[in-house]
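Trainee: Sharing data-v3.cif below, mmCIF, C-alpha atoms:
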```
data_target
#
loop_
_atom_site.label_atom_id
_atom_site.label_comp_id
_atom_site.auth_asym_id
_atom_site.auth_seq_id
_atom_site.Cartn_x
_atom_site.Cartn_y
_atom_site.Cartn_z
CA MET A 1 9.62 -25.29 -1.97
CA ASP A 2 8.34 -21.99 -0.58
CA LEU A 3 4.69 -22.77 0.14
CA LEU A 4 3.98 -19.25 1.41
CA ALA A 5 5.23 -17.75 -1.86
CA LEU A 6 3.02 -20.20 -3.76
CA ALA A 7 0.04 -19.27 -1.57
CA LYS A 8 0.58 -15.54 -2.14
CA ASN A 9 0.88 -16.09 -5.87
CA ILE A 10 -2.36 -18.09 -6.04
CA ALA A 11 -4.15 -15.52 -3.88
CA ASP A 12 -3.02 -12.70 -6.18
CA ARG A 13 -4.40 -14.55 -9.18
CA VAL A 14 -7.71 -15.22 -7.43
CA GLU A 15 -8.05 -11.56 -6.45
CA ALA A 16 -7.30 -10.44 -10.00
CA GLN A 17 -10.01 -12.70 -11.37
CA SER A 18 -12.39 -11.62 -8.61
CA ALA A 19 -11.87 -7.97 -9.56
CA ARG A 20 -12.51 -8.73 -13.23
CA ALA A 21 -15.73 -10.54 -12.35
CA ARG A 22 -16.72 -7.81 -9.87
CA VAL A 23 -17.43 -10.50 -7.30
CA PRO A 24 -15.50 -9.94 -4.04
CA VAL A 25 -14.43 -13.22 -2.45
CA ALA A 26 -12.46 -14.75 0.37
CA VAL A 27 -9.53 -17.01 -0.45
CA THR A 28 -7.90 -19.55 1.87
CA ILE A 29 -4.92 -21.82 1.24
CA ILE A 30 -4.18 -24.78 3.55
CA ASP A 31 -1.33 -27.27 3.35
CA ILE A 32 -1.74 -31.06 3.29
CA HIS A 33 -1.33 -31.23 7.07
CA GLY A 34 -4.31 -28.95 7.64
CA ASN A 35 -2.21 -25.90 8.50
CA MET A 36 -3.39 -22.56 7.15
CA LEU A 37 -0.91 -20.81 4.88
CA LEU A 38 -2.95 -17.76 3.90
CA GLN A 39 -6.44 -16.37 4.35
CA HIS A 40 -7.85 -13.11 3.04
CA ARG A 41 -11.32 -11.66 2.60
CA MET A 42 -11.66 -8.92 0.01
CA SER A 43 -13.57 -5.80 0.93
CA SER A 44 -17.35 -6.31 0.61
CA ALA A 45 -17.09 -10.11 0.46
CA PRO A 46 -19.66 -11.76 2.78
CA VAL A 47 -18.38 -12.41 6.28
CA PHE A 48 -19.35 -16.10 6.05
CA SER A 49 -17.17 -16.47 2.95
CA ILE A 50 -14.10 -16.80 5.18
CA GLU A 51 -15.36 -19.99 6.84
CA ILE A 52 -16.62 -21.53 3.60
CA SER A 53 -13.38 -20.83 1.73
CA GLU A 54 -11.47 -22.42 4.61
CA ARG A 55 -13.58 -25.60 4.45
CA LYS A 56 -13.14 -25.83 0.69
CA ALA A 57 -9.36 -25.42 1.00
CA TYR A 58 -9.17 -27.97 3.82
CA THR A 59 -11.15 -30.52 1.81
CA SER A 60 -9.06 -30.19 -1.34
CA ALA A 61 -5.80 -30.24 0.61
CA LEU A 62 -6.61 -33.45 2.49
CA VAL A 63 -8.65 -35.30 -0.11
CA GLY A 64 -6.76 -34.14 -3.20
CA LEU A 65 -9.87 -33.43 -5.27
CA ARG A 66 -11.74 -30.41 -6.50
CA THR A 67 -14.70 -29.90 -4.21
CA ALA A 68 -16.99 -29.71 -7.24
CA ASP A 69 -15.80 -33.20 -8.27
CA LEU A 70 -16.27 -34.47 -4.72
CA SER A 71 -19.95 -33.55 -4.54
CA PRO A 72 -21.37 -36.59 -6.40
CA LEU A 73 -19.11 -38.92 -4.40
CA VAL A 74 -20.49 -37.94 -0.99
CA GLN A 75 -24.18 -38.31 -1.69
CA PRO A 76 -26.20 -40.81 0.42
CA GLY A 77 -25.35 -44.37 -0.60
CA LYS A 78 -21.97 -43.42 -2.08
CA ASP A 79 -18.69 -44.74 -0.69
CA LEU A 80 -17.50 -41.32 0.53
CA PHE A 81 -20.78 -40.33 2.15
CA PRO A 82 -19.35 -40.73 5.72
CA LEU A 83 -16.59 -38.21 4.90
CA MET A 84 -18.89 -35.24 5.43
CA GLY A 85 -19.40 -36.12 9.07
CA LEU A 86 -15.69 -36.32 9.89
CA SER A 87 -13.39 -33.65 11.38
CA GLY A 88 -16.27 -31.79 12.98
CA GLY A 89 -17.87 -31.05 9.64
CA ARG A 90 -14.83 -29.32 8.18
CA TYR A 91 -15.16 -31.12 4.84
CA CYS A 92 -17.12 -29.32 2.15
CA SER A 93 -18.49 -30.48 -1.20
CA MET A 94 -19.48 -27.06 -2.57
CA GLY A 95 -17.60 -26.08 -5.73
CA GLY A 96 -14.78 -23.57 -5.32
CA GLY A 97 -12.00 -25.69 -3.84
CA ALA A 98 -9.05 -27.21 -5.69
CA PRO A 99 -5.85 -29.11 -4.87
CA LEU A 100 -2.47 -27.52 -5.55
CA THR A 101 0.36 -29.70 -6.76
CA ARG A 102 4.05 -29.21 -7.44
CA GLU A 103 6.06 -31.72 -9.50
CA GLY A 104 3.13 -34.10 -9.32
CA GLN A 105 2.89 -33.96 -5.54
CA LEU A 106 -0.13 -32.64 -3.63
CA VAL A 107 1.08 -29.75 -1.46
CA ALA A 108 -1.98 -27.70 -0.52
CA GLY A 109 -5.59 -26.82 -1.24
CA VAL A 110 -7.17 -23.50 -2.17
CA GLY A 111 -10.74 -22.45 -1.43
CA VAL A 112 -12.70 -19.52 -2.85
CA SER A 113 -16.06 -18.26 -1.59
CA GLY A 114 -18.10 -15.09 -1.91
CA GLY A 115 -20.31 -15.44 -4.97
CA THR A 116 -22.61 -18.16 -6.16
CA VAL A 117 -21.08 -21.62 -6.41
CA GLU A 118 -20.80 -21.14 -10.17
CA GLN A 119 -19.03 -17.79 -9.71
CA ASP A 120 -16.63 -19.22 -7.12
CA VAL A 121 -15.73 -22.09 -9.47
CA ALA A 122 -15.29 -19.75 -12.45
CA ILE A 123 -13.03 -17.37 -10.50
CA LEU A 124 -10.90 -20.20 -9.11
CA GLU A 125 -10.55 -22.06 -12.40
CA ALA A 126 -9.62 -18.86 -14.26
CA ALA A 127 -7.03 -18.05 -11.59
CA LEU A 128 -5.45 -21.51 -11.79
CA ARG A 129 -5.22 -21.24 -15.60
CA GLU A 130 -3.34 -17.94 -15.40
CA PRO A 131 0.45 -17.91 -15.47
CA PRO A 132 2.08 -17.16 -12.13
CA VAL A 133 1.89 -13.53 -11.05
CA MET A 134 5.16 -11.73 -10.51
CA ARG A 135 4.71 -10.21 -7.06
CA LYS A 136 5.75 -6.62 -6.68
CA THR A 137 8.39 -5.85 -4.11
CA ASP A 138 6.97 -3.70 -1.33
CA MET A 139 8.57 -0.25 -1.20
CA LYS A 140 7.30 1.87 1.66
CA LEU A 141 8.30 5.51 1.99
CA GLU A 142 9.38 5.79 5.62
CA VAL A 143 11.97 8.58 5.84
CA VAL A 144 12.39 11.93 4.07
CA VAL A 145 15.66 13.82 4.62
CA ILE A 146 15.16 17.57 5.14
CA PRO A 147 18.17 19.81 4.41
CA VAL A 148 18.69 22.38 7.17
CA ALA A 149 21.40 24.87 8.09
CA ASP A 150 20.94 24.82 11.86
CA ALA A 151 20.00 21.46 13.36
CA ASP A 152 19.11 22.84 16.79
CA ARG A 153 16.85 25.51 15.30
CA ALA A 154 15.10 22.90 13.16
CA LYS A 155 14.76 20.61 16.18
CA ARG A 156 12.98 23.36 18.13
CA PHE A 157 10.66 24.10 15.20
CA TYR A 158 9.55 20.51 14.59
CA GLY A 159 9.23 19.93 18.32
CA ASP A 160 6.94 22.97 18.51
CA LEU A 161 4.80 21.35 15.80
CA GLY A 162 4.03 18.58 18.29
CA TRP A 163 5.91 15.93 16.33
CA ARG A 164 7.50 12.99 18.14
CA LEU A 165 11.27 13.10 18.58
CA ASP A 166 12.61 9.62 17.73
CA ILE A 167 16.36 10.09 17.47
CA ASP A 168 19.00 12.71 18.29
CA TYR A 169 22.35 11.09 17.66
CA SER A 170 25.73 12.81 17.46
CA ALA A 171 29.20 11.56 16.58
CA GLY A 172 32.56 13.24 17.03
CA ASP A 173 33.08 14.11 13.35
CA ASN A 174 30.33 16.76 13.23
CA TYR A 175 27.78 14.15 12.24
CA ARG A 176 24.30 14.39 13.72
CA VAL A 177 21.01 12.62 12.97
CA ILE A 178 17.68 13.91 14.26
CA GLN A 179 14.41 12.15 13.44
CA PHE A 180 10.85 13.34 14.01
CA THR A 181 7.56 11.62 13.15
CA PRO A 182 4.33 13.58 12.58
CA PRO A 183 1.32 12.37 14.64
CA GLY A 184 -0.35 9.40 12.93
CA SER A 185 2.27 9.20 10.17
CA GLY A 186 4.06 6.10 8.93
CA CYS A 187 6.79 8.31 7.46
CA SER A 188 9.38 10.28 9.43
CA ILE A 189 11.74 13.13 8.62
CA MET A 190 15.46 13.29 9.29
CA PHE A 191 17.84 16.23 9.39
CA GLY A 192 21.07 17.13 11.09
CA ASN A 193 24.72 17.65 10.16
CA ASN A 194 26.53 15.97 7.27
CA MET A 195 23.35 14.14 6.23
CA SER A 196 22.51 15.84 2.96
CA ARG A 197 24.27 17.80 0.23
CA ALA A 198 21.06 19.53 -0.79
CA ALA A 199 20.82 23.26 -0.14
CA PRO A 200 19.05 24.10 3.14
CA GLY A 201 15.42 24.93 2.46
CA SER A 202 15.33 23.20 -0.93
CA ALA A 203 12.70 20.60 0.08
CA LYS A 204 9.41 21.81 -1.40
CA GLY A 205 5.86 20.47 -1.67
CA LEU A 206 6.04 17.98 1.20
CA HIS A 207 2.44 17.01 1.89
CA LEU A 208 0.92 16.37 5.29
CA ILE A 209 -2.52 14.76 5.18
CA VAL A 210 -5.10 16.05 7.67
CA PHE A 211 -8.78 15.36 8.25
CA ASP A 212 -9.84 18.96 9.05
CA ILE A 213 -7.82 21.69 7.36
CA GLN A 214 -9.27 24.55 9.40
CA ALA A 215 -8.82 22.83 12.77
CA THR A 216 -5.23 21.95 11.84
CA CYS A 217 -4.44 25.55 10.88
CA GLU A 218 -5.88 26.76 14.18
CA ASP A 219 -3.75 24.22 16.06
CA LEU A 220 -0.57 25.33 14.27
CA LEU A 221 -1.32 29.00 14.92
CA SER A 222 -1.79 28.23 18.61
CA ARG A 223 1.70 26.71 18.58
CA GLY A 224 3.21 29.86 17.08
CA ILE A 225 3.60 28.40 13.57
CA ALA A 226 2.99 30.81 10.70
CA VAL A 227 0.57 28.91 8.48
CA SER A 228 -1.31 30.22 5.46
CA GLU A 229 -5.06 30.58 5.19
CA PRO A 230 -6.70 27.52 3.61
CA PHE A 231 -6.92 27.61 -0.19
CA HIS A 232 -8.17 25.45 -3.06
CA ASP A 233 -7.46 25.10 -6.76
CA ALA A 234 -9.91 25.98 -9.49
CA GLY A 235 -8.80 22.90 -11.46
CA GLY A 236 -10.19 20.51 -8.83
CA VAL A 237 -7.54 17.78 -9.23
CA PHE A 238 -4.41 19.05 -7.42
CA HIS A 239 -2.95 22.52 -6.92
CA HIS A 240 -1.02 24.55 -9.49
CA ALA A 241 2.48 25.70 -8.61
CA GLU A 242 2.18 29.09 -10.39
CA GLY A 243 -0.55 30.22 -8.03
CA LYS A 244 -2.86 31.85 -10.57
CA SER A 245 -5.43 29.06 -10.25
CA LEU A 246 -5.44 29.11 -6.45
CA LEU A 247 -8.52 30.49 -4.72
CA SER A 248 -8.81 31.65 -1.12
CA GLY A 249 -10.59 29.44 1.38
CA PRO A 250 -11.11 25.68 1.50
CA ASN A 251 -12.99 23.94 -1.29
CA PRO A 252 -16.57 25.31 -1.00
CA GLN A 253 -18.08 21.81 -0.80
CA ARG A 254 -15.12 20.51 1.28
CA LYS A 255 -14.51 17.76 -1.25
CA SER A 256 -11.82 15.30 -0.25
CA TYR A 257 -8.29 16.05 -1.57
CA ALA A 258 -9.35 19.59 -2.57
CA SER A 259 -8.40 21.91 0.34
CA TYR A 260 -4.89 23.01 1.25
CA ALA A 261 -2.77 25.26 3.48
CA SER A 262 0.98 25.76 3.66
CA PHE A 263 3.81 26.64 6.01
CA SER A 264 7.62 26.59 5.98
CA ASP A 265 10.29 25.74 8.50
CA PRO A 266 12.98 28.30 9.43
CA ASP A 267 15.19 27.15 6.52
CA GLY A 268 12.41 27.51 3.95
CA ASN A 269 11.55 23.84 3.51
CA ALA A 270 7.95 24.09 2.35
CA TRP A 271 5.09 21.95 3.64
CA VAL A 272 1.56 21.62 2.30
CA LEU A 273 -1.43 20.51 4.36
CA GLN A 274 -4.02 18.58 2.33
CA GLU A 275 -7.46 17.73 3.67
CA ILE A 276 -8.56 14.14 2.94
CA THR A 277 -11.87 12.97 4.38
CA ALA A 278 -12.53 10.05 2.00
CA ARG A 279 -9.90 7.90 0.32
CA LEU A 280 -9.67 7.13 -3.36
CA THR A 281 -9.53 3.37 -3.95
CA GLY A 282 -9.10 3.30 -7.73
CA GLN A 283 -12.81 3.06 -8.42
CA ILE A 284 -15.46 5.65 -7.57
CA GLU A 285 -18.99 4.32 -7.33
CA ASP A 286 -21.83 6.10 -9.10
CA GLY A 287 -23.43 8.60 -6.77
CA ASP A 288 -20.30 9.09 -4.66
CA THR A 289 -19.95 12.86 -4.17
CA SER A 290 -16.91 12.82 -1.89
CA PHE A 291 -14.58 14.15 -4.59
CA THR A 292 -14.52 17.04 -7.03
CA PRO A 293 -16.09 16.28 -10.44
CA GLU A 294 -12.71 16.80 -12.10
CA LEU A 295 -10.91 14.31 -9.85
CA ALA A 296 -13.74 11.77 -10.12
CA SER A 297 -13.62 12.03 -13.92
CA VAL A 298 -9.86 11.43 -14.06
CA VAL A 299 -10.07 8.41 -11.72
CA ARG A 300 -12.96 6.84 -13.62
CA HIS A 301 -11.15 7.39 -16.91
CA ALA A 302 -8.06 5.63 -15.56
CA ALA A 303 -10.12 2.79 -14.04
CA ALA A 304 -11.62 2.16 -17.46
CA GLY A 305 -8.12 1.36 -18.74
CA ASN A 306 -7.67 4.59 -20.63
CA GLY A 307 -4.90 6.07 -18.53
CA ALA A 308 -5.24 9.15 -16.39
CA THR A 309 -4.93 11.79 -19.13
CA LEU A 310 -8.09 13.41 -20.42
#
```
Can the structure from this file be put into structure tokens for me?
Mentor:
Amino acid sequence: MDLLALAKNIADRVEAQSARARVPVAVTIIDIHGNMLLQHRMSSAPVFSIEISERKAYTSALVGLRTADLSPLVQPGKDLFPLMGLSGGRYCSMGGGAPLTREGQLVAGVGVSGGTVEQDVAILEAALREPPVMRKTDMKLEVVVIPVADADRAKRFYGDLGWRLDIDYSAGDNYRVIQFTPPGSGCSIMFGNNMSRAAPGSAKGLHLIVFDIQATCEDLLSRGIAVSEPFHDAGGVFHHAEGKSLLSGPNPQRKSYASYASFSDPDGNAWVLQEITARLTGQIEDGDTSFTPELASVVRHAAAGNGATL
């Protein structure tokens, strides 16, 4: 049995129920030997929720009961009253903990904390009633292949940008791999010889995210890179390819995601700089003015379950 896979599945279900209830929580899963399998605190959940969720999980894992059911059994005069003083006070009788079993065998305990006791119990019970969540396979974009005609010329250009050279590998059959990584990026580019059948210069619209569009343009110009003046789009959501909706200068209010600039490498591969100062998280709070009204409207529409089309 893969206990870690079980723990991740339970945690996913708890987080889904937490999001529906709009009550951020911490979730902890501990095996029957007291070893922690998983612990996660959702954004905005109280800091203390981590410790409480851990105690609830520990209690259910070792005692085999829901913590809500344990509460009346540990009151003064009851047989299990001494339990609460054991293990340095790690046992907890607040609702929000439950045992996890497989094929009738106790294997772990899960604890949830962050709301009221009633909210913690409701979130946990709803999560345990849900069918198992099919976890998505992580797919991280880490390399983009850039088609070039002259590998040495491209190497000089991307080196002049200040990007980190990771690899320059050659083989005897006219095969060469060169990799650069932009500063702060989790994704790299590769180019060379016999790496791509695409026409040199055919990569278009590759976006580089920057915090200050004007400072970045000034930096590129100081390096001898021909970069456009900043521009923005009248539509306020992205930028149109035909150019008629593009306006000179950065977004007047410098809204996040709304200001751009562009440059090309010697082969014509086209790059776009996009200024992002605040990140979209799928839900924009009322009163948040970080984004253009058009973008905020689209995101809120999608968050309401209506899709992104207006």
Trainee: Would you please work out which residue, of A:Ile276, A:Ala98, A:Val121, A:Ala198, is nearest to Ser290 of chain A when using only C-alpha atoms?
Mentor: A:Ile276
Trainee: Between A:Gly64, A:Gly109, A:Pro252, A:Gly243, which has the minimum distance to Ala7 of chain A (counting only C-alpha atoms)?
Mentor: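 Among the listed residues, the smallest separation from Ala7 of chain A belongs to A:Gly109.
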Trainee: Evaluate the PyMOL selection byres ((chain A and resi 51) around 10) against this structure - the residues, as a tab-separated table (two decimals) with C-alpha atoms, keeping the file's coordinate frame, please.
Mentor:
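Saved result, expr-v2.tsv, follows:
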```tsv
chain	number	residue	atom	x	y	z
A	26	ALA	CA	-12.46	-14.75	0.37
A	27	VAL	CA	-9.53	-17.01	-0.45
A	28	THR	CA	-7.90	-19.55	1.87
A	39	GLN	CA	-6.44	-16.37	4.35
A	47	VAL	CA	-18.38	-12.41	6.28
A	48	PHE	CA	-19.35	-16.10	6.05
A	49	SER	CA	-17.17	-16.47	2.95
A	50	ILE	CA	-14.10	-16.80	5.18
A	52	ILE	CA	-16.62	-21.53	3.60
A	53	SER	CA	-13.38	-20.83	1.73
A	54	GLU	CA	-11.47	-22.42	4.61
A	55	ARG	CA	-13.58	-25.60	4.45
A	56	LYS	CA	-13.14	-25.83	0.69
A	57	ALA	CA	-9.36	-25.42	1.00
A	90	ARG	CA	-14.83	-29.32	8.18
A	111	GLY	CA	-10.74	-22.45	-1.43
A	113	SER	CA	-16.06	-18.26	-1.59
```
Trainee: Identify which of the residues A:Cys217, A:Ala127, A:Ala234, A:Met36 lies closest to Ala11 of chain A, counting only C-alpha atoms when measuring atom-to-atom distances.
Mentor: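 The shortest atom-to-atom distance to Ala11 of chain A comes from A:Ala127.
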Trainee: If I take atom CA of Val298 of chain A and atom CA of Ala19 of chain A, how far is one from the other in Å, to one decimal?
Mentor: 20.0 Å
Trainee: Using only C-alpha atoms, find the one residue out of A:Asp31, A:Glu294, A:Asp79, A:Asp219 that sits nearest to Asp2 of chain A.
Mentor: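 Looking only at the distances to Asp2 of chain A, the closest residue turns out to be A:Asp31.
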Trainee: Excluding segment 269-274 of chain A and residues on its chain fewer than 4 positions from it, collect all residues at most 10 Å away from it, counting all atoms listed in the file, and give them as JSON, numbers by chain.
Mentor: {"A": [146, 147, 148, 199, 200, 201, 202, 203, 204, 205, 206, 207, 208, 209, 210, 211, 212, 213, 216, 217, 227, 228, 230, 231, 232, 238, 256, 257, 258, 259, 260, 261, 262, 263, 264, 265]}
Trainee: Give me the residues within 7 Å of Thr292 of chain A as a list in words, counting all atoms listed in the file and dropping any in the same chain fewer than 2 places off.
Mentor: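 That gives Gly236, Lys255, Glu294, Leu295 and Ala296 of chain A.
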Trainee: Between atom CA of Val145 of chain A and atom CA of Ile189 of chain A, what is the distance in Å, rounded to a tenth?
Mentor: 5.6 Å
